[in-house]
Amino acid sequence: MSTTVAEKEKREITLEKLDEVVIRFAGDSGDGMQLTGSQFTNTSALFGNDLSTLPDYPAEIRAPAGTIPGVSAFQVRIADYDIHTPGDAPDVLVAMNPAALKKELKDLKQNGVIIVNTDEFNQRNFIKANITGNPLEDHSLDAYRVFPVPLTTMTRRTLEGSGLDTKSMDRCKNMFALGMCYWMFSRPLDNTVTFLTQQFAKKPHLAEANIKVLKAGWNYCDITELFHERYEVPAADLEPGLYRNITGNVALALGLIAASRRSGLPLFLGAYPITPASDVLHELSQYKNFGVTTFQAEDEIAAVCSAIGASFGGALGTTVSSGPGIALKTEAMGLAVMVELPLIVCDIQRGGPSTGLPTKTEQADLFQVIFGRNSEAPMPVLAASSPKDCFDIALEAARIATKYMTPVVVLSDGYIANGSEPWRLPTVESLPDLRIEHHTKVEGFLPYQRHPETLARPWAIPGTPGLEHRIGGLEKEDVTGNVSYDPQNHDHMVRLRAEKVARIAKDVPPVVVHGDERGGLLVLGWGSTAGAVTGAVNAARRKGLAVSRAHLRHLNPFPANLGEVLSRFEKVLVPEMNLGQLAFLLRGHYLKDVISYNKVQGLPFTRQQILQKILEILEPNDHGH
Amino acid sequence: MATETPTLSKKDFQSDQEVRWCPGCGDYAILSAVQQVFPELGIPRERFVVVSGIGCSSRFPYYMNTFGFHSIHGRAPAVATGIKLARPELEVWIATGDGDAMSIGGNHFIHTLRRNVGVKVLMFNNRIYGLTKGQYSPTSELGKKTKSTPMGSVDYPFNPLSLALGSGATFVARTVDIFQAHQKEVLRQAAQHKGTAFVEIYQNCNIFNDKAYTYMTEKDVKDDNALYLEQGKPLVFGKNKDKGIRMRGTQMEVIQLGEGFTADDCVVWDATLDNPATAFLAAQLLPPDFPTALGVFRNVTVPTYEDMLTDQIHHETDRLGAGTLEKLLQGGDTWRVAEHGAAS
């Protein structure tokens with residue numbers, strides 16, 4: 001293929017500057033859409049954009065090709081300003097087959113760009129996707145700007161003579177689409193070229209093929225008259241510093257290692273594979289040179305029990321799972337409450353109940369982690385608000401667990417676990433000092449003698465001469481820790497354990513209100529709703545509405561000032577990806593009625609949804625029904 | 001850490017807690033044997049950790065003046081594994097029962113043996129649930145009448161040794177609560193073993209399953225009904241040492257010595273064979289047709305889980321250097337944002 005200079009000069013390509021753009025890559029789960037999306041993300045991150053991502057993939061490893069359940073998508077929003085969510089609606093949809101088009105089209109903005117692989121638009125695939133008629137021909141896409149490209153044909157043509165079989169050639173077609181997007185959004189290819197070279201270091205012919213197709217995709221746009229516009233999203237004005245793009249699961253893993261280093265405790269992770277938590281296990285397994293021990297246990301129960309054992313041995317015992325796995329760990333978490341050992345239990349929430357929606361997000365485990373144990377078994381609960389916050393929350397969990405000698409739950413969810421954002425790397429000195437000394441003093445040692453302020457018992461570990469003692473799940477006699485069935489002692493110990501956790505409220509940062517300190521409406525978020533709430537409240541305030549926001553990272557106990565903050569607002573809106581679990585807790589704790597706004601679709605709230613709800617509350621005549 | 005071998009006695013391993021098993025319980029004899037063997041091992045007391053689950057046997061840690069952890073039902077092997085992996089230098093012993101290990105904790109039991117984690121598992125087998133007052137257990141015989149099986153159990157029992165051998169256990173032994181000398185010798189060998197050591201201890205529950213083992217513990221029958229496996233020695237038993245075990249085809253059979261057979265015809269016991277097949281056959285020797293085999297069934301040495309794990313940590317540390325927080329935080333693809341917001 002060649003284009004003459006004259007032809008090239010004929011073209012008028014305009015370069016339009018955008019402050020942000022949302023792109024969704026969608027295809028079969030075998031089409032490499034997650035990789036394509038993350039490459040576009042990394043390149044944009046290196047370019048300096050602020051960004052946020054939302055992977056959305058099926059639970060099946062390879063659902064039947066060409067079908068709707070087999071569609072895997074990756075959304076990325078890049079911007080030249082500080083953003084909080086992966087965007088509500090895409091500006092650009094890359095659809096590798098009819099099923100992807102059908103499934104994702106409903107979200108696309110009006111007049112949005114669609115790039116389709118026309119080679120897949122045939123009768124066979126229409127049937128698989130349950131489509132009647134060819135959407136490329138029946139005017140159903142008239143509201144959009146459609147760019148039909150025979151991606152498969154072009155890829156095969158590019159790789160003619162490469163010696164690859166057709167199947168291997170076709171695997172490269174995602175790189176053609178990526179190359180096109182790089183051209184369209186004025187992105188350099190080198191980051192992905194380097195990645196491919198490293199990824200296929202042992203199969204250089206595959207690296208070469210992928211790079212060739214990537215460049216072909218770029219060149220295709222450069223020499224055809226398909227597009228008349230190119231876009232540029234300038235670098236964001238981010239705070240100066242060293243950055244990396246990070247997912248919540250990786251941030252959580254790094255946070256646990258940082259907690260281990262700052263406390264001087266070796267890190268032990270007991271885990272059983274479960275979506276969407278396994279990446280934390282994978283990540284931590286790579287850090288053996290940091291003295292990290294990862295133990296893939298035979299089941300969820302063994303995973304948490306091994307972590308409890310490791311804590312008894314003096315390590316920072318941790319376990320990571322998702323809702324169904326946490327259910328299995330429940331009894332052992334109660335044991336950790338009873339033996340009062342530090343333990344970090346991470347729950348990367350997913351849609352439920354039961355097996356539910358393994359790859360989709362939800363926030364419906366709040367009740368489970370706060371209440372889901374037999375008897376009075378109080379446990380601090382924290383929730384990360386964004387991918388990068390998973391790092392900080394791990395340090396906070398370790399601080400509370402070791403200072404108060406208690407198991408701590410960290411809640412994350414599929415949205416922030418797999419989603420990513422740029423993370424300004426903290427300096428070592430800026431991290432909290434968590435240094436821990438195990439108890440060694442023999443004189444007067446009693447295993448349940450408590451610290452007067454924190455009520456923590458001493459952490460005396462095996463191997464320390466003179467401190468031999470026994471702990472266990474039976475009720476303890478106050479101070480001595482001996483087994484006791486005394487009624488008054490039991491009543492006392494139940495209250496002591498509750499008081500110990502309650503006191504943490506005074507040791508966590510107060511809730512901060514953004515916007516007016518008091519007024520008509522407070523939007524209170526927790527966990528991964530932070531981004532959408534921030535975006536929505538900012539938008540509402542730009543419209544001149546009196547609305548404030550606050551965010552909770554500590555769900556049990558609540559920060560000490562929360563009740564007072566709630567009392568300053570006439571109405572409180574609580575958006576949650578469940579049926580109102582935080583709202584229930586707030587009503588119970590503070591006798592404050594709140595407006596519960598719920599979404600349980602396996603997808604995060606969009607900024608627009610929360611904004612709409614704010615408008616309904618503040619301007620009921622315009623928006624109410 | 002002290003380098004001289006401490007001189008300890010049984011008394012050093014007795015805690016100040018009142019022992020609360022039923023009078024006459026076989027657990028007393030096991031406690032006594034363990035408290036006698038531990039001081040012989042030349043290991044400082046603070047390095048012992050005794051871990052248990054739930055059941056009568058699982059009260060064991062409270063009576064041992066060592067570090068101890070009375071965990072939850074069936075989970076002792078998992079807790080013990082965490083302790084051993086976090087602190088490989090500790091001596092981790094598990095006290096469990098037939099219900100705790102074989103039923104609710106079956107999964108942890110087989111996987112611990114499979115991994116060859118360096119912990120010792122003492123399973124007190126009384127073939128009954130004692131603490132919950134007398135339901136049949138996974139080692140109760142078929143037809144057993146208990147509170148939960150008034151017409152007799154229709155559950156086939158586990159053979160614990162077969163289960164252990166099938167799980168790939170590297171040390172498998174059986175002894176009896178009241179055979180103190182034998183029990184202590186088995187415990188000593190278990191203590192020396194690198195890797196998981198499984199010891200089944202026949203234990204009498206005189207309240208809910210009394211006389212379960214009298215067929216082989218009563219004075220007048222014990223020589224005829226117990227077969228001692230001794231390394232390098234022929235399998236000979238009986239009051240007058242006049243019976244033996246020989247191989248016939250793929251099976252073991254009892255032979256009467258002196259009637260055309262001598263000890264030379266008997267199987268010469270070797271617990272160190274890589275192939276566990278002979279040990280498996282010996283585990284199947286059960287009354288009424290056979291004597292019950294006691295002693296060490298299998299004793300082979302392969303690398304332990306914790307040794308291989310430690311090797312990986314050392315290897316990675318040599319390869320990459322000891323990790324530091326600075327390195328951790330600057331890993332991955334990074335970019336710098338300069339003062340004016342431009343990326344470079």
# chains A, B, ... in the order shown; residues from 1 in each chain; ligands from 1
>>> interface_residues(of="chain B", to="chain A", cutoff="6 Å", atoms="only C-alpha atoms", output="PDB file with C-alpha atoms, in the first residue's frame")
ATOM      1  CA  GLU B  46      10.496 -21.770  74.884  1.00  0.00           C
ATOM      2  CA  ARG B  47      10.939 -23.230  71.432  1.00  0.00           C
ATOM      3  CA  THR B  66       5.208 -24.424  76.643  1.00  0.00           C
ATOM      4  CA  PHE B  67       3.796 -21.910  74.198  1.00  0.00           C
ATOM      5  CA  GLY B  68       0.384 -23.189  73.231  1.00  0.00           C
ATOM      6  CA  PHE B  69      -2.549 -22.428  70.981  1.00  0.00           C
ATOM      7  CA  HIS B  70      -5.962 -24.011  71.444  1.00  0.00           C
ATOM      8  CA  SER B  71      -7.545 -23.104  68.121  1.00  0.00           C
ATOM      9  CA  ALA B  78      -3.451 -24.810  59.448  1.00  0.00           C
ATOM     10  CA  VAL B  79      -2.559 -22.703  62.494  1.00  0.00           C
ATOM     11  CA  THR B  81       1.579 -24.467  59.456  1.00  0.00           C
ATOM     12  CA  GLY B  82       1.438 -20.681  59.801  1.00  0.00           C
ATOM     13  CA  ILE B  83       3.557 -20.814  62.958  1.00  0.00           C
ATOM     14  CA  ALA B  86       6.757 -17.853  60.049  1.00  0.00           C
ATOM     15  CA  ILE B 313      13.764 -16.519  49.896  1.00  0.00           C
ATOM     16  CA  GLU B 316      15.737 -14.359  45.497  1.00  0.00           C
ATOM     17  CA  THR B 317      17.571 -12.225  48.033  1.00  0.00           C
ATOM     18  CA  ALA B 322      17.514  -7.523  50.015  1.00  0.00           C
ATOM     19  CA  GLY B 323      14.416  -5.493  49.302  1.00  0.00           C
ATOM     20  CA  ASP B 333       7.011   2.039  35.058  1.00  0.00           C
ATOM     21  CA  THR B 334       7.354   5.455  36.574  1.00  0.00           C
ATOM     22  CA  TRP B 335       7.315   8.968  35.200  1.00  0.00           C
ATOM     23  CA  ARG B 336       8.219  12.257  36.752  1.00  0.00           C
ATOM     24  CA  VAL B 337       5.996  15.297  36.790  1.00  0.00           C
ATOM     25  CA  ALA B 338       8.111  18.419  36.968  1.00  0.00           C
ATOM     26  CA  GLU B 339       7.177  21.656  38.691  1.00  0.00           C
ATOM     27  CA  GLY B 341       3.113  19.862  35.353  1.00  0.00           C
ATOM     28  CA  ALA B 343       5.730  14.922  32.220  1.00  0.00           C
TER      29      ALA B 343
END
>>> residues_around(residues="Asn275 of chain B", least_positions_apart="4", cutoff="10 Å", atoms="only C-alpha atoms", output="PDB file with all heavy atoms, in the first residue's frame")
ATOM      1  N   ALA B 271      11.015 -49.364  57.235  1.00  0.00           N
ATOM      2  CA  ALA B 271      10.131 -48.185  57.148  1.00  0.00           C
ATOM      3  C   ALA B 271      10.699 -47.113  56.235  1.00  0.00           C
ATOM      4  O   ALA B 271      10.048 -46.102  55.983  1.00  0.00           O
ATOM      5  CB  ALA B 271       9.907 -47.608  58.547  1.00  0.00           C
ATOM      6  N   ALA B 279       4.174 -50.402  53.700  1.00  0.00           N
ATOM      7  CA  ALA B 279       3.609 -49.715  54.866  1.00  0.00           C
ATOM      8  C   ALA B 279       2.086 -49.731  54.788  1.00  0.00           C
ATOM      9  O   ALA B 279       1.394 -49.918  55.798  1.00  0.00           O
ATOM     10  CB  ALA B 279       4.121 -48.270  54.913  1.00  0.00           C
ATOM     11  N   PHE B 280       1.567 -49.573  53.575  1.00  0.00           N
ATOM     12  CA  PHE B 280       0.119 -49.574  53.383  1.00  0.00           C
ATOM     13  C   PHE B 280      -0.463 -50.944  53.750  1.00  0.00           C
ATOM     14  O   PHE B 280      -1.487 -51.053  54.420  1.00  0.00           O
ATOM     15  CB  PHE B 280      -0.202 -49.217  51.929  1.00  0.00           C
ATOM     16  CG  PHE B 280      -1.608 -48.756  51.733  1.00  0.00           C
ATOM     17  CD1 PHE B 280      -1.941 -47.410  51.879  1.00  0.00           C
ATOM     18  CD2 PHE B 280      -2.620 -49.655  51.408  1.00  0.00           C
ATOM     19  CE1 PHE B 280      -3.247 -46.982  51.701  1.00  0.00           C
ATOM     20  CE2 PHE B 280      -3.926 -49.226  51.241  1.00  0.00           C
ATOM     21  CZ  PHE B 280      -4.238 -47.885  51.386  1.00  0.00           C
ATOM     22  N   ARG B 298       6.361 -45.750  58.337  1.00  0.00           N
ATOM     23  CA  ARG B 298       7.095 -45.076  57.261  1.00  0.00           C
ATOM     24  C   ARG B 298       7.976 -43.997  57.864  1.00  0.00           C
ATOM     25  O   ARG B 298       7.552 -43.280  58.771  1.00  0.00           O
ATOM     26  CB  ARG B 298       6.108 -44.450  56.266  1.00  0.00           C
ATOM     27  CG  ARG B 298       6.797 -43.891  55.023  1.00  0.00           C
ATOM     28  CD  ARG B 298       5.828 -43.761  53.867  1.00  0.00           C
ATOM     29  NE  ARG B 298       6.575 -43.748  52.612  1.00  0.00           N
ATOM     30  CZ  ARG B 298       6.651 -42.694  51.798  1.00  0.00           C
ATOM     31  NH1 ARG B 298       6.028 -41.570  52.098  1.00  0.00           N
ATOM     32  NH2 ARG B 298       7.351 -42.761  50.680  1.00  0.00           N
ATOM     33  N   VAL B 300      10.740 -41.668  55.900  1.00  0.00           N
ATOM     34  CA  VAL B 300      11.610 -41.293  54.777  1.00  0.00           C
ATOM     35  C   VAL B 300      11.900 -39.790  54.854  1.00  0.00           C
ATOM     36  O   VAL B 300      11.121 -39.035  55.430  1.00  0.00           O
ATOM     37  CB  VAL B 300      10.972 -41.622  53.407  1.00  0.00           C
ATOM     38  CG1 VAL B 300      10.759 -43.111  53.247  1.00  0.00           C
ATOM     39  CG2 VAL B 300       9.669 -40.873  53.217  1.00  0.00           C
TER      40      VAL B 300
END
>>> residues_around(residues="Leu226 of chain A", least_positions_apart="5", cutoff="12 Å", atoms="only C-alpha atoms", output="list of chain:residue names")
A:Arg11, A:Glu12, A:Ile13, A:Ile115, A:Arg145, A:Val146, A:Phe147, A:Pro148, A:Val149, A:Met180, A:Trp183, A:Met184, A:Asn219, A:Tyr220, A:Cys221
>>> atom_distance(atom1="atom CA of Pro447 of chain A", atom2="atom CA of Ser375 of chain A")
22.7 Å
>>> residues_around(residues="His111 of chain B", least_positions_apart="2", cutoff="9 Å", atoms="only C-alpha atoms", output="ChimeraX atom specification")
/A:297-298 /B:77,106-109,113-116,167
>>> select_by_dssp(residues="segment 24-264 of chain B", states="strand (DSSP E)", output="PyMOL selection string")
chain B and resi 48-52+67-70+91-97+119-125+171-176+197-202+226-229+236-237+243-248+251-256
>>> select_by_dssp(residues="segment 12-256 of chain A", states="alpha helix (DSSP H)", output="ChimeraX atom specification")
/A:33-47,98-104,123-128,151-158,166-170,173-184,190-199,204-223,248-256
